[in-house]
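Below is one structure; the comments refer to it alone.
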Amino acid sequence: MPDAVSLRVETHDRVYLVTLDRPQARNAVDPALARSLYDAMLAFQADPSVDVAVLTGANGVFCAGFDLKSAAAGDAADWIASLEIPPGWADPMDQPLPSPMGPARLMLTKPVIAAIDGPAVAGGMELALWCDMRVMAETAQFGVFCRRWGVPLIDGGTVRLPMTIGQGRANDLILTGRPVPASEALAMGLADRVVPGDQALPAAMALAESLTRFPQGCLRADHLSARLAPAELAKRLRREWESVRLVMHEGVSGAARFAAGHGRRGRFDDI
C-alpha cells in the first residue's frame with residue numbers, strides 16, 4: 001500500500017491520481033517513497049476501474065530527484081543493492097522490477113500523464129520521461145541536475161531522453177546538466193503541453209479524462225505498438241544499470257557534498 005505520509009492516491013472517475021508529497025525534501029524520492037510509488041503503479045495497472053493515471057507533486061514541485069541526503073546517510077544502500085537486474089530479465093511487462101525511483105522499469109499497458117509544477121530534475125526528470133505525456137506549468141523546468149554531483153542517470157534517463165527529443169538534444173541536456181525551461185521543453189518535444197500558472201494538474205486531469213472516453217482496447221494496443229518492444233527496453237535498461245555501477249563511487253561522494261549544503265538552488269559555482 002502507498003505510504004500515506006509521502007504518497008497520496010486518489011481516484012476521480014476512471015482517472016488514477018498519484019501525488020508525491022514530501023515537502024521537506026521537495027518531493028525527492030527516498031527508498032520508502034520509491035517502493036510506495038512502484039506499488040501504486042502496479043495497483044493502477046491491475047485495477048480495471050481506472051484507465052489513465054496522472055503523476056504529480058504537491059506544493060508546487062514535481063520532484064527534485066532521488067533523496068541525496070538519504071543516500072549520503074547510507075539509508076539507501078540496501079535499497080540500491082536490492083535492485084540488481086537478474087540475468088533472465090527480458091520482459092518488463094511480465095516481469096516487473098522496481099527501479100531506484102520506483103516505477104521506471106515498469107512497462108504498463110495504460111497511459112500515465114505527468115503534471116509538472118516547479119522542478120522536475122535529475123531522477124524527477126526521469127520519472128517524467130517514464131510517463132507517456134508531460135503537461136508543464138510555464139514556470140516549471142527540467143534538468144539533469146545530478147550532473148553536478150556525479151550521480152548517474154539510473155532510472156531510464158539515458159534510454160528515454162534520446163528517444164523523446166533525439167540524440168543531439170539529449171547529448172546537450174545529459175552533458176551540461178543545464179536547466180530547461182518549459183518553453184524550450186515544449187519546442188524540443190520534451191513537454192507535450194505548457195499551461196499558465198498553476199494549471200498543470202487541472203490540464204493533465206482534463207487530458208486524462210478525455211483519453212478515458214475512447215475504446216480502451218484499441219487505444220492500449222496502438223500505444224503499445226508505438227513503443228519499444230519489451231525485450232529491447234529491458235536490454236537498454238540493463239545496459240544503463242551496468243554502466244552505472246562503474247561510476248557509483250562518484251555519486252556517493254557527490255551525495256555527501258550535497259548533504260553538506262553545496263550547490264543549493266541549482267548553483268553550479270558551489271559544487
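Ordering of the C-alpha cells sets the chain letters (A, B, ...), residue numbers begin anew at 1 in every chain, and ligands are numbered from 1 in the order given.
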
Could you please write out, as a count of residues only, every residue of region 127-207 of chain A that DSSP assigns to strand (DSSP E)?
13

Can you tell me, as a PDB file with N, CA, C and O atoms, in the first residue's frame, what residues are no more than 10 Å from Trp79 (chain A) when counting only C-alpha atoms, ignoring any on the same chain fewer than 5 positions away?
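What follows is the written file part33.pdb:
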```pdb
ATOM      1  N   ASP A  30      12.918   8.955  -1.523  1.00  0.00           N
ATOM      2  CA  ASP A  30      13.760   8.084  -0.708  1.00  0.00           C
ATOM      3  C   ASP A  30      13.306   6.642  -0.932  1.00  0.00           C
ATOM      4  O   ASP A  30      12.326   6.388  -1.660  1.00  0.00           O
ATOM      5  N   PRO A  31      13.989   5.653  -0.371  1.00  0.00           N
ATOM      6  CA  PRO A  31      13.594   4.269  -0.640  1.00  0.00           C
ATOM      7  C   PRO A  31      12.148   3.947  -0.288  1.00  0.00           C
ATOM      8  O   PRO A  31      11.483   3.211  -1.024  1.00  0.00           O
ATOM      9  N   ALA A  32      11.631   4.484   0.804  1.00  0.00           N
ATOM     10  CA  ALA A  32      10.249   4.194   1.188  1.00  0.00           C
ATOM     11  C   ALA A  32       9.273   4.740   0.154  1.00  0.00           C
ATOM     12  O   ALA A  32       8.293   4.060  -0.219  1.00  0.00           O
ATOM     13  N   ALA A  34       9.986   5.402  -2.999  1.00  0.00           N
ATOM     14  CA  ALA A  34      10.187   4.647  -4.242  1.00  0.00           C
ATOM     15  C   ALA A  34       9.358   3.368  -4.237  1.00  0.00           C
ATOM     16  O   ALA A  34       8.674   3.049  -5.221  1.00  0.00           O
ATOM     17  N   ARG A  35       9.402   2.636  -3.151  1.00  0.00           N
ATOM     18  CA  ARG A  35       8.630   1.398  -3.052  1.00  0.00           C
ATOM     19  C   ARG A  35       7.139   1.687  -3.102  1.00  0.00           C
ATOM     20  O   ARG A  35       6.375   0.983  -3.772  1.00  0.00           O
ATOM     21  N   ALA A  71      20.835   9.147   0.622  1.00  0.00           N
ATOM     22  CA  ALA A  71      21.964   8.394   0.072  1.00  0.00           C
ATOM     23  C   ALA A  71      23.237   8.656   0.860  1.00  0.00           C
ATOM     24  O   ALA A  71      24.008   7.730   1.156  1.00  0.00           O
ATOM     25  N   GLY A  74      23.589   6.827   4.049  1.00  0.00           N
ATOM     26  CA  GLY A  74      23.672   5.380   3.941  1.00  0.00           C
ATOM     27  C   GLY A  74      22.332   4.677   3.997  1.00  0.00           C
ATOM     28  O   GLY A  74      22.260   3.446   3.937  1.00  0.00           O
ATOM     29  N   GLU A  84      19.493  -5.024  -8.353  1.00  0.00           N
ATOM     30  CA  GLU A  84      20.216  -5.689  -9.437  1.00  0.00           C
ATOM     31  C   GLU A  84      19.219  -6.353 -10.401  1.00  0.00           C
ATOM     32  O   GLU A  84      18.245  -6.966  -9.977  1.00  0.00           O
ATOM     33  N   PRO A  98      11.320  -3.107  -9.617  1.00  0.00           N
ATOM     34  CA  PRO A  98      11.439  -1.712  -9.183  1.00  0.00           C
ATOM     35  C   PRO A  98      12.753  -1.106  -9.646  1.00  0.00           C
ATOM     36  O   PRO A  98      13.729  -1.809  -9.908  1.00  0.00           O
ATOM     37  N   SER A  99      12.760   0.211  -9.731  1.00  0.00           N
ATOM     38  CA  SER A  99      13.965   0.984 -10.042  1.00  0.00           C
ATOM     39  C   SER A  99      14.293   1.859  -8.841  1.00  0.00           C
ATOM     40  O   SER A  99      13.502   1.954  -7.897  1.00  0.00           O
ATOM     41  N   PRO A 100      15.441   2.545  -8.827  1.00  0.00           N
ATOM     42  CA  PRO A 100      15.761   3.400  -7.684  1.00  0.00           C
ATOM     43  C   PRO A 100      14.673   4.420  -7.350  1.00  0.00           C
ATOM     44  O   PRO A 100      14.364   4.645  -6.179  1.00  0.00           O
TER      45      PRO A 100
END
```

So which residues touch Gln216 (chain A) within 10 Å, counting only C-alpha atoms, skipping near sequence neighbours fewer than 6 positions away, as number ranges by chain?
A: 51-52, 110, 222

Need to verify the contact set: region 230-244 of chain A, 9 Å, only C-alpha atoms, exclusion of same-chain residues closer than 6 positions in sequence. Can you return it as number ranges by chain?
A: 84-85, 89-93, 105, 107, 151-159

Would you put the residues from that selection into a file with N, CA and C atoms, as a PDB file, in the first residue's frame?
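Saved as result-v6.pdb:
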```pdb
ATOM      1  N   GLU A  84      19.493  -5.024  -8.353  1.00  0.00           N
ATOM      2  CA  GLU A  84      20.216  -5.689  -9.437  1.00  0.00           C
ATOM      3  C   GLU A  84      19.219  -6.353 -10.401  1.00  0.00           C
ATOM      4  N   ILE A  85      19.486  -6.210 -11.675  1.00  0.00           N
ATOM      5  CA  ILE A  85      18.633  -6.818 -12.688  1.00  0.00           C
ATOM      6  C   ILE A  85      19.049  -8.273 -12.866  1.00  0.00           C
ATOM      7  N   TRP A  89      16.119 -11.409 -17.013  1.00  0.00           N
ATOM      8  CA  TRP A  89      15.074 -10.386 -17.174  1.00  0.00           C
ATOM      9  C   TRP A  89      15.009  -9.907 -18.618  1.00  0.00           C
ATOM     10  N   ALA A  90      13.865 -10.103 -19.277  1.00  0.00           N
ATOM     11  CA  ALA A  90      13.745  -9.709 -20.678  1.00  0.00           C
ATOM     12  C   ALA A  90      12.370  -9.163 -21.020  1.00  0.00           C
ATOM     13  N   ASP A  91      11.460  -9.099 -20.038  1.00  0.00           N
ATOM     14  CA  ASP A  91      10.108  -8.643 -20.339  1.00  0.00           C
ATOM     15  C   ASP A  91       9.574  -7.790 -19.190  1.00  0.00           C
ATOM     16  N   PRO A  92       9.723  -6.458 -19.291  1.00  0.00           N
ATOM     17  CA  PRO A  92       9.249  -5.582 -18.206  1.00  0.00           C
ATOM     18  C   PRO A  92       7.748  -5.647 -17.984  1.00  0.00           C
ATOM     19  N   MET A  93       6.997  -6.174 -18.955  1.00  0.00           N
ATOM     20  CA  MET A  93       5.551  -6.272 -18.778  1.00  0.00           C
ATOM     21  C   MET A  93       5.169  -7.482 -17.930  1.00  0.00           C
ATOM     22  N   ARG A 105      11.276   0.965 -14.320  1.00  0.00           N
ATOM     23  CA  ARG A 105      11.482  -0.267 -15.086  1.00  0.00           C
ATOM     24  C   ARG A 105      10.164  -0.937 -15.469  1.00  0.00           C
ATOM     25  N   MET A 107       6.683  -1.342 -17.580  1.00  0.00           N
ATOM     26  CA  MET A 107       6.093  -1.024 -18.876  1.00  0.00           C
ATOM     27  C   MET A 107       4.617  -1.350 -18.762  1.00  0.00           C
ATOM     28  N   VAL A 151      26.204  11.959  -9.869  1.00  0.00           N
ATOM     29  CA  VAL A 151      25.163  10.943  -9.704  1.00  0.00           C
ATOM     30  C   VAL A 151      24.635  10.589 -11.088  1.00  0.00           C
ATOM     31  N   PRO A 152      24.741   9.346 -11.511  1.00  0.00           N
ATOM     32  CA  PRO A 152      24.364   8.989 -12.885  1.00  0.00           C
ATOM     33  C   PRO A 152      22.861   8.890 -13.070  1.00  0.00           C
ATOM     34  N   LEU A 153      22.449   9.005 -14.315  1.00  0.00           N
ATOM     35  CA  LEU A 153      21.068   8.695 -14.672  1.00  0.00           C
ATOM     36  C   LEU A 153      20.890   7.186 -14.539  1.00  0.00           C
ATOM     37  N   ILE A 154      19.950   6.798 -13.715  1.00  0.00           N
ATOM     38  CA  ILE A 154      19.860   5.403 -13.294  1.00  0.00           C
ATOM     39  C   ILE A 154      18.451   4.846 -13.442  1.00  0.00           C
ATOM     40  N   ASP A 155      17.503   5.704 -13.879  1.00  0.00           N
ATOM     41  CA  ASP A 155      16.100   5.307 -13.994  1.00  0.00           C
ATOM     42  C   ASP A 155      15.594   5.483 -15.427  1.00  0.00           C
ATOM     43  N   GLY A 156      16.406   5.051 -16.379  1.00  0.00           N
ATOM     44  CA  GLY A 156      15.977   5.069 -17.765  1.00  0.00           C
ATOM     45  C   GLY A 156      16.189   6.385 -18.481  1.00  0.00           C
ATOM     46  N   GLY A 157      16.847   7.348 -17.851  1.00  0.00           N
ATOM     47  CA  GLY A 157      17.046   8.644 -18.492  1.00  0.00           C
ATOM     48  C   GLY A 157      17.876   8.558 -19.759  1.00  0.00           C
ATOM     49  N   THR A 158      18.914   7.716 -19.738  1.00  0.00           N
ATOM     50  CA  THR A 158      19.759   7.598 -20.932  1.00  0.00           C
ATOM     51  C   THR A 158      19.053   6.824 -22.038  1.00  0.00           C
ATOM     52  N   VAL A 159      18.000   6.107 -21.696  1.00  0.00           N
ATOM     53  CA  VAL A 159      17.218   5.365 -22.688  1.00  0.00           C
ATOM     54  C   VAL A 159      16.118   6.245 -23.277  1.00  0.00           C
TER      55      VAL A 159
END
```

Counting only C-alpha atoms, which residues of region 22-112 of chain A sit at most 8 Å from some atom of region 117-120 of chain A, and what is each one's closest atom pair with its distance in Å to one decimal, listed by chain and rising residue number, as JSON lines?
```
{"residue": "A:Thr56", "atom": "CA", "partner": "A:Asp117", "partner_atom": "CA", "distance": 8.0}
{"residue": "A:Gly57", "atom": "CA", "partner": "A:Asp117", "partner_atom": "CA", "distance": 7.3}
{"residue": "A:Gly60", "atom": "CA", "partner": "A:Asp117", "partner_atom": "CA", "distance": 5.2}
{"residue": "A:Val61", "atom": "CA", "partner": "A:Gly118", "partner_atom": "CA", "distance": 4.5}
{"residue": "A:Phe62", "atom": "CA", "partner": "A:Ala120", "partner_atom": "CA", "distance": 5.3}
{"residue": "A:Cys63", "atom": "CA", "partner": "A:Ala120", "partner_atom": "CA", "distance": 5.0}
{"residue": "A:Ala64", "atom": "CA", "partner": "A:Ala120", "partner_atom": "CA", "distance": 5.9}
{"residue": "A:Gly65", "atom": "CA", "partner": "A:Ala120", "partner_atom": "CA", "distance": 7.4}
```

Expected file: the selected residues, C-alpha atoms, as a PDB file, in the first residue's frame:
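Generated output (selection_25.pdb):
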```
ATOM      1  CA  THR A  56       2.189  14.935  -9.949  1.00  0.00           C
ATOM      2  CA  GLY A  57       3.917  16.551  -6.977  1.00  0.00           C
ATOM      3  CA  GLY A  60       4.368  23.459  -6.446  1.00  0.00           C
ATOM      4  CA  VAL A  61       7.173  20.947  -7.015  1.00  0.00           C
ATOM      5  CA  PHE A  62       7.115  17.849  -9.212  1.00  0.00           C
ATOM      6  CA  CYS A  63      10.218  16.033  -7.937  1.00  0.00           C
ATOM      7  CA  ALA A  64      13.789  17.032  -7.079  1.00  0.00           C
ATOM      8  CA  GLY A  65      15.149  13.557  -7.862  1.00  0.00           C
TER       9      GLY A  65
END
```

Using only C-alpha atoms, find the one residue out of A:Phe145, A:Phe44, A:Ser82, A:Arg22 that sits nearest to Glu10 (chain A).
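Checking each of A:Phe145, A:Phe44, A:Ser82, A:Arg22 against Glu10 (chain A), counting only C-alpha atoms, the winner is A:Phe44.
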